[in-house]
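Listing of coords_5.txt, compact mmCIF, C-alpha atoms and all ligand atoms
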```
# COMPACT_ATOMS: atom_id res chain seq x y z
CA MET A 251 -22.07 86.30 76.74
CA LYS A 252 -25.73 85.68 76.27
CA SER A 253 -28.51 87.97 77.32
CA LEU A 254 -32.27 87.70 77.48
CA THR A 255 -34.93 90.22 78.43
CA VAL A 256 -37.89 89.99 80.75
CA ASN A 257 -40.34 92.23 78.90
CA LEU A 258 -42.45 94.19 81.38
CA ALA A 259 -42.78 97.67 79.85
CA GLU A 260 -40.96 100.15 82.15
CA HIS A 261 -40.02 97.30 84.49
CA SER A 262 -38.22 95.30 81.77
CA TYR A 263 -34.76 94.03 82.61
CA PRO A 264 -31.93 91.92 81.20
CA ILE A 265 -30.63 88.53 82.32
CA TYR A 266 -26.94 88.15 81.49
CA ILE A 267 -25.54 84.60 81.29
CA GLU A 268 -21.74 84.54 81.51
CA GLN A 269 -19.12 81.83 82.01
CA ASP A 270 -17.02 83.98 84.35
CA SER A 271 -17.47 87.28 86.14
CA SER A 272 -15.04 89.41 84.13
CA ASN A 273 -17.84 91.54 82.63
CA PHE A 274 -19.62 92.10 85.95
CA LYS A 275 -17.91 95.42 86.66
CA SER A 276 -19.15 97.03 83.46
CA LEU A 277 -22.56 95.35 83.64
CA LEU A 278 -23.07 96.60 87.20
CA LYS A 279 -22.09 100.10 86.12
CA THR A 280 -24.90 100.06 83.56
CA HIS A 281 -27.51 99.22 86.18
CA ILE A 282 -26.44 101.06 89.34
CA LYS A 283 -27.65 104.65 89.33
CA ALA A 284 -25.86 106.21 92.37
CA LYS A 285 -22.81 105.66 94.58
CA GLN A 286 -24.40 103.73 97.42
CA VAL A 287 -24.56 99.93 97.20
CA VAL A 288 -25.43 97.34 99.85
CA VAL A 289 -24.54 93.72 99.10
CA ILE A 290 -26.77 91.26 100.94
CA SER A 291 -25.37 87.75 101.13
CA ASN A 292 -24.90 84.98 103.68
CA GLU A 293 -22.12 83.56 105.84
CA THR A 294 -21.32 80.77 103.33
CA VAL A 295 -21.49 82.66 100.06
CA LEU A 296 -19.84 85.97 100.91
CA PRO A 297 -16.42 84.54 101.81
CA ILE A 298 -16.36 82.66 98.47
CA PHE A 299 -17.14 85.70 96.32
CA SER A 300 -16.00 88.65 98.44
CA THR A 301 -12.90 89.44 96.38
CA ALA A 302 -14.72 89.20 93.05
CA ILE A 303 -17.67 91.31 94.19
CA SER A 304 -15.46 93.91 95.89
CA ASP A 305 -13.41 94.26 92.68
CA ALA A 306 -16.54 94.57 90.56
CA LEU A 307 -17.87 97.29 92.88
CA SER A 308 -14.61 99.13 93.50
CA ASP A 309 -16.07 102.41 92.17
CA TYR A 310 -18.92 102.44 94.72
CA ASP A 311 -19.53 103.12 98.38
CA VAL A 312 -20.25 99.52 99.36
CA ARG A 313 -21.54 97.99 102.58
CA PHE A 314 -22.12 94.30 103.26
CA PHE A 315 -24.86 92.59 105.22
CA THR A 316 -24.39 88.92 106.05
CA LEU A 317 -27.33 86.64 106.86
CA PRO A 318 -27.01 83.29 108.60
CA ASP A 319 -27.26 80.42 106.10
CA GLY A 320 -30.46 78.44 105.62
CA GLU A 321 -34.11 78.34 104.62
CA GLU A 322 -35.01 78.60 108.30
CA TYR A 323 -33.69 82.20 108.18
CA LYS A 324 -36.01 83.23 105.34
CA THR A 325 -38.11 85.00 107.94
CA LEU A 326 -39.57 88.32 108.94
CA ALA A 327 -36.88 88.45 111.64
CA SER A 328 -34.15 88.39 108.95
CA TYR A 329 -36.09 90.97 106.93
CA GLU A 330 -36.23 93.20 110.01
CA SER A 331 -32.52 92.78 110.76
CA ILE A 332 -31.67 93.97 107.21
CA MET A 333 -34.08 96.91 107.56
CA SER A 334 -32.44 97.87 110.88
CA PHE A 335 -29.02 97.72 109.25
CA LEU A 336 -30.08 99.94 106.33
CA LEU A 337 -31.66 102.49 108.69
CA THR A 338 -28.76 102.48 111.14
CA GLU A 339 -26.32 103.02 108.27
CA GLN A 340 -28.55 105.84 106.99
CA VAL A 341 -28.79 104.23 103.59
CA GLY A 342 -30.71 106.48 101.21
CA ARG A 343 -33.41 105.90 98.67
CA ASP A 344 -30.92 105.98 95.79
CA VAL A 345 -29.20 102.80 97.05
CA THR A 346 -28.92 99.69 94.93
CA LEU A 347 -29.21 96.44 96.90
CA ILE A 348 -27.38 93.44 95.47
CA ALA A 349 -28.56 89.94 96.30
CA LEU A 350 -25.49 87.70 96.20
CA GLY A 351 -26.43 84.10 96.89
CA GLY A 352 -29.13 81.52 96.38
CA GLY A 353 -32.89 81.79 96.40
CA VAL A 354 -33.11 82.49 100.12
CA VAL A 355 -30.89 85.58 99.89
CA GLY A 356 -32.57 86.63 96.63
CA ASP A 357 -36.13 86.31 97.91
CA ILE A 358 -35.42 88.23 101.14
CA THR A 359 -33.35 90.93 99.45
CA GLY A 360 -36.07 91.45 96.85
CA PHE A 361 -38.68 91.81 99.56
CA VAL A 362 -36.52 94.29 101.46
CA ALA A 363 -35.97 96.23 98.21
CA SER A 364 -39.72 96.32 97.56
CA THR A 365 -40.43 97.99 100.90
CA TYR A 366 -37.34 99.91 102.08
CA MET A 367 -38.41 103.55 101.85
CA ARG A 368 -41.31 102.25 99.70
CA GLY A 369 -39.03 100.69 97.12
CA VAL A 370 -35.36 100.84 96.04
CA ASP A 371 -33.43 99.25 93.17
CA PHE A 372 -32.02 95.75 93.45
CA ILE A 373 -29.89 93.47 91.30
CA GLN A 374 -29.77 89.68 91.46
CA ILE A 375 -26.42 87.85 91.36
CA PRO A 376 -27.60 84.25 91.82
CA THR A 377 -24.99 81.67 92.86
CA THR A 378 -26.99 78.42 93.02
CA LEU A 379 -28.37 76.49 90.05
CA LEU A 380 -31.87 76.91 91.44
CA SER A 381 -31.52 80.66 91.72
CA GLN A 382 -29.93 80.96 88.27
CA VAL A 383 -32.74 79.08 86.53
CA ASP A 384 -35.67 80.25 88.60
CA SER A 385 -35.71 82.42 91.72
CA SER A 386 -33.63 85.37 90.43
CA VAL A 387 -36.01 85.86 87.50
CA GLY A 388 -39.62 87.01 87.68
CA GLY A 389 -39.84 89.21 90.76
CA LYS A 390 -41.51 86.89 93.25
CA THR A 391 -40.00 88.07 96.54
CA ALA A 392 -40.97 86.69 99.95
CA VAL A 393 -40.22 85.37 103.40
CA ASN A 394 -41.80 82.30 104.98
CA HIS A 395 -44.25 82.25 107.87
CA PRO A 396 -44.44 79.26 110.25
CA LEU A 397 -47.94 78.73 108.80
CA GLY A 398 -46.90 78.74 105.16
CA LYS A 399 -44.22 79.07 102.54
CA ASN A 400 -43.54 82.51 100.94
CA MET A 401 -46.66 83.88 102.61
CA ILE A 402 -45.33 87.42 103.10
CA GLY A 403 -43.92 89.12 100.04
CA ALA A 404 -44.43 91.18 96.92
CA PHE A 405 -44.06 91.07 93.17
CA TYR A 406 -41.05 93.35 92.65
CA GLN A 407 -38.69 93.08 89.70
CA PRO A 408 -34.89 93.44 89.84
CA LYS A 409 -33.08 95.92 87.59
CA ALA A 410 -30.88 93.13 86.19
CA VAL A 411 -29.87 89.51 86.74
CA LEU A 412 -26.15 88.69 86.44
CA ILE A 413 -25.38 84.98 86.15
CA ASP A 414 -21.87 83.54 86.25
CA VAL A 415 -22.33 79.86 85.44
CA SER A 416 -18.87 79.02 86.80
CA SER A 417 -19.91 80.23 90.26
CA LEU A 418 -21.67 76.86 90.68
CA GLN A 419 -18.31 75.08 90.99
CA THR A 420 -18.33 75.47 94.78
CA LEU A 421 -21.97 74.43 95.21
CA PRO A 422 -22.49 71.23 97.25
CA PRO A 423 -23.85 68.34 95.08
CA ARG A 424 -27.11 68.12 97.05
CA GLU A 425 -27.79 71.80 96.33
CA PHE A 426 -26.90 71.36 92.65
CA ALA A 427 -29.39 68.48 92.45
CA ALA A 428 -32.08 70.61 94.09
CA GLY A 429 -31.60 73.10 91.26
CA VAL A 430 -31.94 70.31 88.70
CA ALA A 431 -35.48 69.69 90.01
CA GLU A 432 -36.57 73.16 88.87
CA VAL A 433 -34.73 72.61 85.56
CA VAL A 434 -36.72 69.39 84.97
CA LYS A 435 -39.86 71.37 85.85
CA TYR A 436 -39.42 73.58 82.77
CA GLY A 437 -39.15 70.55 80.49
CA LEU A 438 -42.24 68.98 82.01
CA LEU A 439 -44.41 72.07 81.89
CA ALA A 440 -43.33 73.69 78.65
CA ASP A 441 -40.86 71.85 76.43
CA SER A 442 -40.65 68.11 75.79
CA VAL A 443 -37.65 68.58 73.47
CA PHE A 444 -35.77 70.28 76.31
CA PHE A 445 -36.79 67.39 78.60
CA GLU A 446 -35.26 64.97 76.10
CA TYR A 447 -32.11 67.10 75.94
CA LEU A 448 -31.82 66.79 79.74
CA GLU A 449 -32.21 63.01 79.55
CA GLU A 450 -29.39 62.91 77.01
CA HIS A 451 -27.04 65.21 78.97
CA VAL A 452 -27.16 63.85 82.53
CA ALA A 453 -23.43 63.08 82.57
CA GLN A 454 -22.44 66.52 81.22
CA LEU A 455 -24.73 68.24 83.69
CA LYS A 456 -23.30 66.27 86.60
CA ALA A 457 -19.80 67.15 85.42
CA GLN A 458 -20.90 70.81 85.21
CA ASP A 459 -19.85 71.14 81.58
CA LEU A 460 -19.97 74.92 81.19
CA ASN A 461 -21.45 74.89 77.69
CA VAL A 462 -24.20 72.44 78.59
CA LEU A 463 -24.94 74.33 81.80
CA SER A 464 -25.04 77.66 79.97
CA TYR A 465 -27.49 76.25 77.44
CA VAL A 466 -29.68 74.71 80.16
CA ILE A 467 -29.72 77.86 82.30
CA GLY A 468 -30.45 79.97 79.23
CA ARG A 469 -33.36 77.78 78.13
CA CYS A 470 -34.90 77.81 81.63
CA CYS A 471 -34.55 81.60 81.90
CA GLN A 472 -36.05 81.97 78.42
CA ILE A 473 -39.12 79.88 79.32
CA LYS A 474 -39.58 81.74 82.60
CA ALA A 475 -39.02 85.16 81.01
CA GLU A 476 -41.68 84.44 78.36
CA ILE A 477 -44.24 83.32 80.93
CA VAL A 478 -43.54 86.20 83.33
CA SER A 479 -43.64 88.74 80.50
CA GLU A 480 -47.12 87.46 79.65
CA ASP A 481 -48.44 87.22 83.22
CA GLU A 482 -46.29 89.05 85.78
CA LYS A 483 -48.64 88.73 88.76
CA GLU A 484 -49.90 85.16 88.29
CA GLN A 485 -53.39 85.92 87.04
CA GLY A 486 -53.24 82.93 84.71
CA LYS A 487 -50.37 81.25 82.85
CA ARG A 488 -47.70 81.99 85.47
CA ALA A 489 -49.36 79.49 87.82
CA LEU A 490 -47.91 76.76 85.58
CA LEU A 491 -44.46 77.58 87.05
CA ASN A 492 -45.90 76.19 90.28
CA LEU A 493 -45.86 72.61 88.94
CA GLY A 494 -45.02 70.31 91.88
CA HIS A 495 -45.22 73.16 94.38
CA THR A 496 -48.69 72.51 95.85
CA PHE A 497 -47.28 69.22 97.13
CA GLY A 498 -43.74 70.56 97.52
CA HIS A 499 -44.57 73.51 99.74
CA ALA A 500 -46.70 71.23 101.94
CA ILE A 501 -43.71 68.89 102.33
CA GLU A 502 -41.29 71.73 103.14
CA ALA A 503 -43.58 73.26 105.77
CA GLU A 504 -44.59 69.94 107.34
CA GLN A 505 -41.01 68.65 107.56
CA GLY A 506 -39.68 71.96 108.95
CA TYR A 507 -38.07 74.53 106.64
CA GLY A 508 -34.60 73.45 105.55
CA ASN A 509 -34.98 69.73 106.25
CA TRP A 510 -36.22 68.97 102.77
CA LEU A 511 -34.56 71.38 100.32
CA HIS A 512 -37.04 73.33 98.19
CA GLY A 513 -35.90 71.53 95.02
CA GLU A 514 -36.17 68.13 96.69
CA ALA A 515 -39.73 68.82 97.79
CA VAL A 516 -40.57 70.07 94.28
CA ALA A 517 -39.08 66.89 92.76
CA ALA A 518 -41.34 64.67 94.87
CA GLY A 519 -44.25 67.05 94.24
CA MET A 520 -43.79 66.88 90.45
CA VAL A 521 -43.97 63.09 90.55
CA GLN A 522 -47.15 63.32 92.64
CA ALA A 523 -48.60 65.77 90.10
CA ALA A 524 -47.54 63.41 87.30
CA GLN A 525 -49.31 60.49 89.01
CA LEU A 526 -52.46 62.54 89.44
CA SER A 527 -52.24 63.46 85.75
CA HIS A 528 -51.88 59.79 84.79
CA SER A 529 -54.84 58.75 86.93
CA ARG A 530 -56.94 61.17 84.84
CA GLY A 531 -55.83 59.44 81.66
CA TRP A 532 -53.49 62.25 80.61
CA LEU A 533 -49.75 61.66 81.17
CA SER A 534 -48.59 58.19 80.06
CA LEU A 535 -47.05 55.66 82.43
CA ASN A 536 -43.89 55.78 80.32
CA ASP A 537 -43.61 59.55 80.80
CA ILE A 538 -43.94 59.13 84.59
CA LYS A 539 -41.12 56.58 84.37
CA ARG A 540 -38.97 58.97 82.34
CA THR A 541 -39.60 61.71 84.92
CA THR A 542 -38.71 59.57 87.93
CA SER A 543 -35.62 58.16 86.16
CA LEU A 544 -34.34 61.62 85.30
CA LEU A 545 -34.89 62.90 88.85
CA GLU A 546 -33.40 59.75 90.38
CA SER A 547 -30.28 60.07 88.27
CA PHE A 548 -29.58 63.22 90.32
CA ASP A 549 -30.48 61.43 93.59
CA LEU A 550 -33.64 63.48 93.96
CA PRO A 551 -36.60 62.06 95.90
CA VAL A 552 -39.52 60.81 93.82
CA GLN A 553 -42.02 60.35 96.61
CA GLY A 554 -43.12 62.40 99.59
CA PRO A 555 -42.16 61.62 103.20
CA ALA A 556 -43.66 58.34 104.44
CA SER A 557 -44.89 60.14 107.55
CA MET A 558 -47.26 62.41 105.59
CA ASN A 559 -50.88 61.52 104.89
CA LEU A 560 -53.83 63.20 103.19
CA GLU A 561 -54.60 65.31 106.26
CA SER A 562 -51.05 66.59 106.66
CA TYR A 563 -50.94 67.58 102.98
CA LEU A 564 -54.39 69.19 103.04
CA LYS A 565 -53.57 71.28 106.11
CA HIS A 566 -50.93 73.13 104.06
CA MET A 567 -52.55 72.92 100.63
CA LYS A 568 -55.62 74.77 101.90
CA LYS A 569 -53.35 77.78 102.53
CA ASP A 570 -51.66 77.60 99.11
CA LYS A 571 -51.62 80.94 97.27
CA LYS A 572 -53.37 79.36 94.28
CA VAL A 573 -56.47 78.58 96.36
CA LEU A 574 -59.46 80.35 94.83
CA ALA A 575 -62.98 80.32 96.35
CA GLN A 576 -61.66 77.84 98.94
CA THR A 577 -60.73 75.40 96.18
CA ILE A 578 -57.21 74.00 95.94
CA ARG A 579 -55.84 74.32 92.42
CA PHE A 580 -53.17 71.98 91.04
CA ILE A 581 -50.86 72.13 88.06
CA LEU A 582 -51.17 68.84 86.19
CA LEU A 583 -49.73 67.54 82.93
CA LYS A 584 -51.90 66.87 79.90
CA SER A 585 -48.77 65.38 78.36
CA LEU A 586 -45.03 65.78 78.72
CA GLY A 587 -44.37 69.47 77.97
CA GLN A 588 -47.97 70.60 78.39
CA ALA A 589 -49.16 71.75 81.81
CA ILE A 590 -52.67 72.73 82.83
CA LEU A 591 -54.27 74.40 85.87
CA VAL A 592 -56.94 72.16 87.41
CA SER A 593 -59.44 73.01 90.14
CA ASP A 594 -61.61 69.91 90.45
CA VAL A 595 -59.34 67.46 92.29
CA SER A 596 -61.34 65.76 95.05
CA ASP A 597 -59.84 64.60 98.35
CA GLU A 598 -60.59 60.99 97.28
CA GLU A 599 -58.67 61.46 94.03
CA LEU A 600 -55.79 63.00 95.94
CA LYS A 601 -55.75 60.12 98.39
CA THR A 602 -55.22 57.57 95.60
CA ILE A 603 -51.76 58.95 94.84
CA LEU A 604 -50.66 59.72 98.41
CA VAL A 605 -49.50 56.25 99.33
N1 LIG B 1 -38.70 83.75 93.84
C1 LIG B 1 -38.88 82.67 93.10
O1 LIG B 1 -39.44 82.71 92.00
C2 LIG B 1 -38.37 81.34 93.61
C3 LIG B 1 -38.25 80.27 92.73
C4 LIG B 1 -37.74 79.07 93.22
C5 LIG B 1 -37.34 78.97 94.53
N2 LIG B 1 -37.47 80.04 95.34
C6 LIG B 1 -36.98 79.99 96.73
O2 LIG B 1 -35.57 79.83 96.69
C7 LIG B 1 -35.12 79.16 97.87
C8 LIG B 1 -34.19 78.05 97.52
O3 LIG B 1 -33.07 78.60 96.87
P1 LIG B 1 -31.70 77.80 96.77
O4 LIG B 1 -31.95 76.43 96.34
O5 LIG B 1 -30.79 78.66 96.00
O6 LIG B 1 -31.27 77.70 98.30
P2 LIG B 1 -30.30 78.59 99.23
O7 LIG B 1 -30.45 80.00 98.93
O8 LIG B 1 -30.56 78.13 100.62
O9 LIG B 1 -28.85 78.12 98.79
C9 LIG B 1 -28.51 76.78 98.93
C10 LIG B 1 -27.20 76.59 99.72
O10 LIG B 1 -26.11 76.82 98.86
C11 LIG B 1 -25.20 77.77 99.46
N3 LIG B 1 -24.58 78.43 98.33
C12 LIG B 1 -25.12 79.35 97.50
N4 LIG B 1 -24.31 79.59 96.46
C13 LIG B 1 -23.19 78.86 96.66
C14 LIG B 1 -22.01 78.66 95.92
N5 LIG B 1 -21.82 79.22 94.73
N6 LIG B 1 -21.07 77.83 96.44
C15 LIG B 1 -21.29 77.19 97.63
N7 LIG B 1 -22.40 77.31 98.36
C16 LIG B 1 -23.36 78.13 97.86
C17 LIG B 1 -26.08 78.58 100.33
O11 LIG B 1 -25.34 79.23 101.34
C18 LIG B 1 -27.01 77.51 100.89
O12 LIG B 1 -26.39 76.81 101.94
C19 LIG B 1 -36.38 78.69 98.58
O13 LIG B 1 -36.66 79.55 99.65
C20 LIG B 1 -37.44 78.80 97.52
O14 LIG B 1 -38.72 79.01 98.07
C21 LIG B 1 -37.96 81.22 94.92
O1 LIG B 2 -41.98 82.17 89.60
C1 LIG B 2 -42.99 81.52 89.85
O2 LIG B 2 -44.11 81.93 89.58
C2 LIG B 2 -42.89 80.22 90.53
O3 LIG B 2 -43.89 79.65 90.92
C3 LIG B 2 -41.52 79.63 90.69
C4 LIG B 2 -41.41 78.63 91.82
O4 LIG B 2 -40.36 77.75 91.49
C5 LIG B 2 -41.04 79.28 93.15
O5 LIG B 2 -40.74 78.29 94.11
C6 LIG B 2 -42.01 80.28 93.71
O6 LIG B 2 -41.42 80.99 94.78
C7 LIG B 2 -43.26 79.68 94.26
O7 LIG B 2 -44.18 80.69 94.37
P1 LIG B 2 -45.40 80.69 95.37
O8 LIG B 2 -46.24 81.79 94.84
O9 LIG B 2 -46.06 79.36 95.28
O10 LIG B 2 -44.86 80.95 96.72
ZN ZN B 3 -39.78 76.57 93.20
```
When written as structure tokens, how does the structure in this file appear?
Ligand SMILES: NC(=O)c1ccc[n+]([C@@H]2O[C@H](COP(=O)([O-])OP(=O)(O)OC[C@H]3O[C@@H](n4cnc5c(N)ncnc54)[C@H](O)[C@@H]3O)[C@@H](O)[C@H]2O)c1
Ligand SMILES: O=C(O)C(=O)C[C@@H](O)[C@H](O)[C@H](O)COP(=O)(O)O
Ligand SMILES: [Zn+2]
Amino acid sequence: MKSLTVNLAEHSYPIYIEQDSSNFKSLLKTHIKAKQVVVISNETVLPIFSTAISDALSDYDVRFFTLPDGEEYKTLASYESIMSFLLTEQVGRDVTLIALGGGVVGDITGFVASTYMRGVDFIQIPTTLLSQVDSSVGGKTAVNHPLGKNMIGAFYQPKAVLIDVSSLQTLPPREFAAGVAEVVKYGLLADSVFFEYLEEHVAQLKAQDLNVLSYVIGRCCQIKAEIVSEDEKEQGKRALLNLGHTFGHAIEAEQGYGNWLHGEAVAAGMVQAAQLSHSRGWLSLNDIKRTTSLLESFDLPVQGPASMNLESYLKHMKKDKKVLAQTIRFILLKSLGQAILVSDVSDEELKTILV
């Protein structure tokens, strides 16, 4: 068992990285303060893990809420249906909510936890690669709005994150690949040695070698935990975790939520950011090639949809949460492993890479 800490004074919490779920019962006991627990999951995930989670929670008064599956359900309507359930069941303020699933379940559950009776405890049990390396850590909770991605939400930290690496065995390959996009992101923005490690372990990652996966998930969580501990509410450094997302969120919204997976849109967006970086004389052509090769080896897209042009990107980018004084801000790469926040990208410059 490996554990890391997100250091946020009284809101600090552990991330446990395990290769099975045998310790979950005792870990949950450490972090649940009363008898009442509500597990929030979805129609795909709950049947896979219902026995394991019920066993781990056998000492509690547990209720289950099941969402429909898909990014298109990361909405205020889903948020409201969970709220109605909690109120109808007369769930009290001492409840612990458990998010069992991928980033969609985690982001909605976190947002519900941040506002139900003005805030209740929640624990993340992420079951996708993307949620294990990224969304379960850091306390960004949200739902989408038709006008923009993650537009309604809160910064609200979980009490703990419990990762069972072996839970990825049932994940469809396309979803696994989407998680790899966020993994590659950490190498690009913070750690060129880790990027090289990924290049050298493509086969082991694809085969879901548990030791390689545990190392990779641990390194991603460590990078994210360090950044979040320094800048919880994205006043500065945390924006670097948004590498590829200014483009990516525009792609997701323009294509209709769920059509391009979040990780797929981020993969294409990171290549676009890399190209912009190169056109400024920063990232080398060889490093763009290394990035596209690594993403392509997991069948990830390395360019945006052919149907999108400058206008369709700008429409969404202007609503990005990083916009400051009506200026779109991008995360670019000075070099492989070194990201930088940039606010002087002109529409003309943007157009050169949106072919
Ligand atoms: N809060 C953050 O910091 C943050 C970071 C990155 C992404 N996100 C958000 O996360 C979401 C994407 O998360 P995701 O990629 O996990 O998608 P997801 O939650 O939609 O899960 C992907 C698919 O895998 C299924 N699934 C989950 N676990 C499974 C398992 N073990 N076996 C079989 N099927 C399983 C789900 O039912 C779903 O169909 C997006 O909404 C994105 O905006 C948030
Ligand atoms: O944790 C962060 O900070 C991130 O930016 C991680 C991203 O991978 C994630 O997709 C996040 O939800 C995007 O945040 P947003 O503020 O751009 O909605
Ligand atoms: Zn993301």
Problem set entry | Which residue of A:Gly494, A:Glu425, A:Thr577, A:Leu350 approaches Ala302 of chain A most closely, using only C-alpha atoms | A:Leu350
Exercise. So which one's closest to ligand LIG 1 (chain B), A:Trp532, A:Phe548, A:Trp510, A:Phe445? Using only C-alpha atoms and all ligand atoms, please.
Worked result: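 Smallest distance to ligand LIG 1 (chain B) is found for A:Trp510.
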Problem set entry | Selected residue of minimal separation from Gln553 of chain A among A:Ala518, A:Leu278, A:Leu490, A:Met251, counting all atoms listed in the file |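 For Gln553 of chain A, the nearest of the candidates is A:Ala518.
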For this session: Would you mind reading off the distance between atom P1 of ligand LIG 1 (chain B) and atom CA of Phe314 of chain A, one decimal, in Å?
Result: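 Value for the atom P1 of ligand LIG 1 (chain B)-atom CA of Phe314 of chain A distance: 20.2 Å.
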Give the residues close to ligand LIG 1 (chain B), within 8 Å, counting only C-alpha atoms and all ligand atoms; write them as a PDB file with C-alpha atoms, keeping the file's coordinate frame.
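Once everything was written out, this is out-v8.pdb:
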```
ATOM      1  CA  ASN A 292     -24.900  84.980 103.680  1.00  0.00           C
ATOM      2  CA  GLU A 293     -22.120  83.560 105.840  1.00  0.00           C
ATOM      3  CA  THR A 294     -21.320  80.770 103.330  1.00  0.00           C
ATOM      4  CA  VAL A 295     -21.490  82.660 100.060  1.00  0.00           C
ATOM      5  CA  ILE A 298     -16.360  82.660  98.470  1.00  0.00           C
ATOM      6  CA  ASP A 319     -27.260  80.420 106.100  1.00  0.00           C
ATOM      7  CA  GLY A 320     -30.460  78.440 105.620  1.00  0.00           C
ATOM      8  CA  GLU A 321     -34.110  78.340 104.620  1.00  0.00           C
ATOM      9  CA  LYS A 324     -36.010  83.230 105.340  1.00  0.00           C
ATOM     10  CA  GLY A 351     -26.430  84.100  96.890  1.00  0.00           C
ATOM     11  CA  GLY A 352     -29.130  81.520  96.380  1.00  0.00           C
ATOM     12  CA  GLY A 353     -32.890  81.790  96.400  1.00  0.00           C
ATOM     13  CA  VAL A 354     -33.110  82.490 100.120  1.00  0.00           C
ATOM     14  CA  VAL A 355     -30.890  85.580  99.890  1.00  0.00           C
ATOM     15  CA  GLY A 356     -32.570  86.630  96.630  1.00  0.00           C
ATOM     16  CA  ASP A 357     -36.130  86.310  97.910  1.00  0.00           C
ATOM     17  CA  PRO A 376     -27.600  84.250  91.820  1.00  0.00           C
ATOM     18  CA  THR A 377     -24.990  81.670  92.860  1.00  0.00           C
ATOM     19  CA  THR A 378     -26.990  78.420  93.020  1.00  0.00           C
ATOM     20  CA  LEU A 379     -28.370  76.490  90.050  1.00  0.00           C
ATOM     21  CA  LEU A 380     -31.870  76.910  91.440  1.00  0.00           C
ATOM     22  CA  SER A 381     -31.520  80.660  91.720  1.00  0.00           C
ATOM     23  CA  ASP A 384     -35.670  80.250  88.600  1.00  0.00           C
ATOM     24  CA  SER A 385     -35.710  82.420  91.720  1.00  0.00           C
ATOM     25  CA  SER A 386     -33.630  85.370  90.430  1.00  0.00           C
ATOM     26  CA  VAL A 387     -36.010  85.860  87.500  1.00  0.00           C
ATOM     27  CA  GLY A 388     -39.620  87.010  87.680  1.00  0.00           C
ATOM     28  CA  GLY A 389     -39.840  89.210  90.760  1.00  0.00           C
ATOM     29  CA  LYS A 390     -41.510  86.890  93.250  1.00  0.00           C
ATOM     30  CA  THR A 391     -40.000  88.070  96.540  1.00  0.00           C
ATOM     31  CA  ALA A 392     -40.970  86.690  99.950  1.00  0.00           C
ATOM     32  CA  VAL A 393     -40.220  85.370 103.400  1.00  0.00           C
ATOM     33  CA  ASN A 394     -41.800  82.300 104.980  1.00  0.00           C
ATOM     34  CA  LYS A 399     -44.220  79.070 102.540  1.00  0.00           C
ATOM     35  CA  ASN A 400     -43.540  82.510 100.940  1.00  0.00           C
ATOM     36  CA  SER A 417     -19.910  80.230  90.260  1.00  0.00           C
ATOM     37  CA  LEU A 418     -21.670  76.860  90.680  1.00  0.00           C
ATOM     38  CA  GLN A 419     -18.310  75.080  90.990  1.00  0.00           C
ATOM     39  CA  THR A 420     -18.330  75.470  94.780  1.00  0.00           C
ATOM     40  CA  LEU A 421     -21.970  74.430  95.210  1.00  0.00           C
ATOM     41  CA  PRO A 422     -22.490  71.230  97.250  1.00  0.00           C
ATOM     42  CA  GLU A 425     -27.790  71.800  96.330  1.00  0.00           C
ATOM     43  CA  ALA A 428     -32.080  70.610  94.090  1.00  0.00           C
ATOM     44  CA  GLY A 429     -31.600  73.100  91.260  1.00  0.00           C
ATOM     45  CA  GLU A 432     -36.570  73.160  88.870  1.00  0.00           C
ATOM     46  CA  GLY A 508     -34.600  73.450 105.550  1.00  0.00           C
ATOM     47  CA  LEU A 511     -34.560  71.380 100.320  1.00  0.00           C
ATOM     48  CA  HIS A 512     -37.040  73.330  98.190  1.00  0.00           C
ATOM     49  CA  GLY A 513     -35.900  71.530  95.020  1.00  0.00           C
TER      50      GLY A 513
END
```
Would you pick out the contacts of Gly437 of chain A at 8 Å or less, using all atoms listed in the file, so that residues sharing its chain but fewer than 6 positions from it are not included, and give the list as a JSON list (two decimals) with C-alpha atoms, keeping the file's coordinate frame?
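Done, and the output landed in part17.json:
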```
[["chain", "number", "residue", "atom", "x", "y", "z"],
["A", 443, "VAL", "CA", -37.65, 68.58, 73.47],
["A", 444, "PHE", "CA", -35.77, 70.28, 76.31],
["A", 445, "PHE", "CA", -36.79, 67.39, 78.60],
["A", 586, "LEU", "CA", -45.03, 65.78, 78.72],
["A", 587, "GLY", "CA", -44.37, 69.47, 77.97]]
```
Exercise. Taking into account all atoms listed in the file, which residue in the set A:Val573, A:Leu463, A:Leu582, A:Leu533 is nearest to ligand LIG 2 (chain B)?
Worked result: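 Residue with the minimum atom-to-atom distance to ligand LIG 2 (chain B): A:Val573.
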Exercise. Which neighbours of Val341 of chain A fall inside 9 Å, counting all atoms listed in the file, when residues of the same chain fewer than 5 positions from it are skipped, and could you give them as JSON, numbers by chain?
Worked result: {"A": [286, 287, 288, 335, 336]}
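Take the candidates A:Glu482, A:Asp309, A:Glu449, A:Glu476 and check each one against ligand LIG 2 (chain B) using only C-alpha atoms and all ligand atoms; the shortest distance goes to A:Glu482.
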Exercise on segment 281-286 of chain A, axis-aligned box with 5 Å per side, report centre and edge lengths in Å to one decimal, as lines of an AutoDock Vina configuration file:
```
center_x = -25.2
center_y = 102.7
center_z = 91.8
size_x = 14.8
size_y = 17.0
size_z = 21.2
```
Exercise. Restricting the calculation to all atoms listed in the file, which member of A:Thr338, A:Thr359, A:Ser304, A:Ser543 is positioned closest to Pro408 of chain A?
Worked result: A:Thr359
